[in-house]
>>> print(open('target-v9.txt').read())   # compact mmCIF, C-alpha atoms
# COMPACT_ATOMS: atom_id res chain seq x y z
CA MET K 144 -23.17 29.19 -85.40
CA THR K 145 -25.53 28.51 -82.48
CA PHE K 146 -25.55 30.29 -79.13
CA ARG K 147 -24.18 27.12 -77.50
CA GLU K 148 -21.28 26.93 -79.97
CA ASP K 149 -20.48 30.60 -79.30
CA LEU K 150 -20.29 29.96 -75.54
CA LEU K 151 -18.10 26.83 -75.56
CA PRO K 152 -14.72 28.66 -76.01
CA ASP K 153 -15.61 31.07 -73.19
CA ILE K 154 -16.62 28.22 -70.88
CA ASP K 155 -13.39 26.39 -71.72
CA GLY K 156 -11.38 29.49 -70.79
CA ILE K 157 -13.23 29.90 -67.48
CA ARG K 158 -12.56 26.26 -66.58
CA CYS K 159 -8.81 26.94 -66.85
CA ILE K 160 -8.78 29.60 -64.13
CA PRO K 161 -8.36 27.20 -61.15
CA ASP K 162 -5.24 25.62 -62.69
CA ASP K 163 -3.85 29.08 -63.44
CA LEU K 164 -4.20 29.74 -59.72
CA GLY K 165 -2.46 26.46 -58.82
CA ILE K 166 -5.54 24.82 -57.33
CA ARG K 167 -5.64 21.74 -59.59
CA LEU K 168 -3.30 19.20 -58.02
CA TYR K 169 -3.92 16.10 -60.16
CA THR K 170 -2.87 15.15 -63.66
CA VAL K 171 -4.79 12.68 -65.83
CA THR K 172 -3.19 10.60 -68.57
CA LEU K 173 -4.74 8.14 -71.02
CA ARG K 174 -2.46 5.10 -71.36
CA MET K 175 -2.95 2.97 -74.47
CA THR K 176 -1.24 -0.42 -74.16
CA THR K 177 -0.50 -2.64 -77.15
CA TRP K 178 0.94 -6.16 -77.01
CA THR K 179 2.65 -7.64 -80.07
CA GLY K 180 4.14 -11.03 -80.85
CA ASP K 181 2.92 -14.57 -80.22
CA ASP K 182 0.22 -14.87 -77.55
CA SER K 183 -0.06 -11.08 -77.55
CA ALA K 184 -3.31 -10.85 -75.61
CA ILE K 185 -3.28 -8.38 -72.75
CA GLY K 186 -4.68 -10.93 -70.31
CA LEU K 187 -1.76 -13.26 -70.99
CA GLY K 188 0.85 -10.56 -70.39
CA ARG K 189 3.28 -12.06 -72.89
CA GLY K 190 4.91 -10.51 -75.90
CA ILE K 191 6.24 -7.00 -76.36
CA ARG K 192 4.35 -4.29 -74.50
CA THR K 193 4.16 -0.73 -75.82
CA ASP K 194 2.55 2.08 -73.81
CA VAL K 195 1.57 5.40 -75.35
CA GLU K 196 0.49 8.09 -72.89
CA THR K 197 -1.65 11.10 -73.83
CA PRO K 198 -2.41 13.83 -71.28
CA ILE K 199 -6.09 14.62 -70.77
CA THR K 200 -6.23 18.39 -70.43
CA LEU K 201 -8.45 21.42 -70.78
CA ALA K 202 -7.64 24.40 -73.01
CA ASN K 203 -3.97 25.42 -73.15
CA GLY K 204 -2.85 22.21 -71.43
CA GLN K 205 -4.55 23.05 -68.12
CA ARG K 206 -5.25 20.22 -65.68
CA PRO K 207 -8.87 19.09 -65.15
CA LYS K 208 -10.67 18.91 -61.84
CA VAL K 209 -10.31 15.52 -60.13
CA ARG K 210 -12.25 14.57 -57.01
CA ARG K 211 -13.29 11.45 -55.17
CA ILE K 212 -16.90 10.33 -55.50
CA SER K 213 -18.73 11.26 -52.31
CA TYR K 214 -20.49 8.78 -50.05
CA LYS K 215 -23.79 10.42 -50.98
CA GLU K 216 -23.11 9.72 -54.69
CA THR K 217 -22.23 6.08 -53.99
CA VAL K 218 -25.55 5.58 -52.20
CA ALA K 219 -27.55 7.47 -54.82
CA GLY K 220 -25.77 5.61 -57.64
CA GLY K 221 -27.45 2.32 -56.72
CA GLY K 222 -24.22 0.30 -56.87
CA LYS K 223 -22.72 2.00 -59.93
CA TYR K 224 -20.04 3.76 -57.86
CA GLN K 225 -17.78 2.52 -55.09
CA GLU K 226 -15.81 4.23 -52.37
CA GLY K 227 -12.52 5.37 -53.89
CA ASP K 228 -13.85 6.12 -57.39
CA PHE K 229 -12.79 9.43 -58.96
CA LYS K 230 -14.83 11.89 -61.00
CA ILE K 231 -12.86 13.88 -63.57
CA GLY K 232 -14.23 17.03 -65.15
CA PRO K 233 -16.09 19.02 -66.21
CA PHE K 234 -14.63 18.97 -69.71
CA THR K 235 -15.94 21.29 -72.39
CA PRO K 236 -17.41 19.35 -75.34
CA GLU K 237 -15.45 19.52 -78.57
CA TYR K 238 -15.82 22.69 -80.63
CA VAL K 239 -13.87 24.26 -83.50
CA GLY K 240 -10.49 25.08 -81.99
CA GLY K 241 -10.80 23.26 -78.67
CA GLY K 242 -12.69 21.17 -76.17
CA VAL K 243 -12.26 17.47 -75.45
CA SER K 244 -13.63 14.95 -77.91
CA PHE K 245 -15.66 12.07 -76.56
CA ALA K 246 -13.35 9.66 -78.42
CA LYS K 247 -10.40 10.96 -76.38
CA MET K 248 -12.23 10.36 -73.10
CA ALA K 249 -13.55 6.95 -74.13
CA PRO K 250 -11.55 5.41 -76.99
CA PRO K 251 -13.59 3.05 -79.15
CA PRO K 252 -13.01 -0.69 -78.70
CA THR K 253 -10.27 -2.10 -80.90
CA GLY K 254 -11.93 -5.44 -81.51
CA GLY K 255 -8.80 -7.38 -80.60
CA GLY K 256 -7.37 -8.63 -77.33
CA ASN K 257 -3.99 -7.01 -77.90
CA LYS K 258 -4.99 -3.40 -77.09
CA GLY K 259 -6.40 -1.77 -74.01
CA TYR K 260 -6.54 1.52 -72.21
CA HIS K 261 -6.43 2.85 -68.67
CA PHE K 262 -6.25 6.24 -67.06
CA VAL K 263 -3.32 7.16 -64.83
CA LEU K 264 -3.94 9.66 -62.06
CA ARG K 265 -1.06 11.45 -60.38
CA GLY K 266 -1.55 13.67 -57.37
CA PRO K 267 -0.62 14.46 -53.78
CA ASP K 268 -2.36 11.52 -52.06
CA LEU K 269 -1.52 8.91 -54.71
CA PRO K 270 1.54 6.70 -55.30
CA ALA K 271 4.50 8.58 -56.80
CA THR K 272 4.27 6.49 -59.98
CA GLY K 273 0.55 7.22 -60.34
CA LEU K 274 -2.63 5.26 -59.85
CA LEU K 275 -3.88 3.02 -62.66
CA CYS K 276 -7.66 3.37 -63.12
CA GLU K 277 -10.35 1.67 -65.18
CA PRO K 278 -13.06 3.79 -66.83
CA ILE K 279 -16.46 3.25 -65.23
CA GLU K 280 -18.67 5.84 -66.88
CA GLU K 281 -18.50 8.65 -69.41
CA GLN K 282 -21.14 11.31 -68.90
CA ALA K 283 -21.80 13.24 -72.10
CA ASP K 284 -25.47 14.06 -71.75
CA ARG K 285 -25.13 17.79 -71.02
CA ALA K 286 -24.76 20.65 -73.45
CA PHE K 287 -21.77 22.34 -71.78
CA SER K 288 -19.96 19.63 -69.82
CA ARG K 289 -18.67 16.08 -69.87
CA TYR K 290 -17.37 13.94 -67.03
CA LEU K 291 -15.37 10.76 -66.68
CA VAL K 292 -15.65 8.39 -63.70
CA VAL K 293 -12.75 6.01 -63.08
CA ARG K 294 -12.04 3.27 -60.52
CA PRO K 295 -8.58 2.43 -59.19
CA SER K 296 -7.49 -1.03 -60.34
CA GLY K 297 -5.55 -1.64 -57.14
CA SER K 298 -2.11 -1.24 -58.63
CA SER K 299 0.13 1.74 -59.22
CA ALA K 300 1.13 2.66 -62.75
>>> encode(input="target-v9.txt", output="structure tokens")
Amino acid sequence: MTFREDLLPDIDGIRCIPDDLGIRLYTVTLRMTTWTGDDSAIGLGRGIRTDVETPITLANGQRPKVRRISYKETVAGGGKYQEGDFKIGPFTPEYVGGGVSFAKMAPPPTGGGNKGYHFVLRGPDLPATGLLCEPIEEQADRAFSRYLVVRPSGSSA
């Protein structure tokens, strides 16, 4: 086992401390939507809709950090980010016994028009039903952390 692999469980445990203290106010849920029946494409909105929600959490079900992208980041991003985008994380990369897999943060495309996914944010300054968000970017280029950037779609969940 490498030094990095030895550290990942410890880092994951440290990232849970703020939620243990009650500082993490947002919850993040991955919503997979499937349409079945005739004309079952998501864009058409016809057929039978099935939603499956999976919480996105740290170790022991702890909530991740969620914050709005700063103005400085929108300027530095060269148009990639917009005001109102959210950055979620850091998440600990997957390791034996824990972490968050990249496939959970960014599900692979299904190849058909009848499946899609969004993230639902719930928190103190958001609608009571939650805020439906589109994934903008998955950052997985660091050894000890991963981030997810989402953009509100303009409608509540």
>>> closest_residue(input="target-v9.txt", among="K:Ser296, K:Thr177, K:Asn203, K:Thr193", to="Cys159 (chain K)", atoms="only C-alpha atoms")
K:Asn203
>>> residues_near_point(input="target-v9.txt", point="(-14.3, 20.1, -76.1)", cutoff="9 Å", atoms="only C-alpha atoms", output="list in words")
Leu151, Pro152, Asp155, Leu201, Ala202, Phe234, Thr235, Pro236, Glu237, Tyr238, Val239, Gly240, Gly241, Gly242, Val243, Ser244, Phe245, Phe287, Ser288 and Arg289 of chain K
>>> atom_distance(input="target-v9.txt", atom1="CA of Gly220 (chain K)", atom2="CA of Glu281 (chain K)")
14.2 Å
>>> residues_around(input="target-v9.txt", residues="Leu164 (chain K)", least_positions_apart="5", cutoff="12 Å", atoms="all atoms listed in the file", output="MDAnalysis selection string")
chainID K and resid 157:159 205:206
>>> residues_near_point(input="target-v9.txt", point="(-5.2, 5.0, -67.0)", cutoff="8 Å", atoms="all atoms listed in the file", output="number ranges by chain")
K: 171-174, 260-264, 274-278, 300
>>> atom_distance(input="target-v9.txt", atom1="CA of Gly259 (chain K)", atom2="CA of Ala286 (chain K)")
29.0 Å
>>> axis_aligned_box(input="target-v9.txt", around="region 225-242 of chain K", padding_each_side="6 Å", output="lines of an AutoDock Vina configuration file")
center_x = -14.1
center_y = 13.8
center_z = -67.9
size_x = 19.3
size_y = 34.6
size_z = 43.1
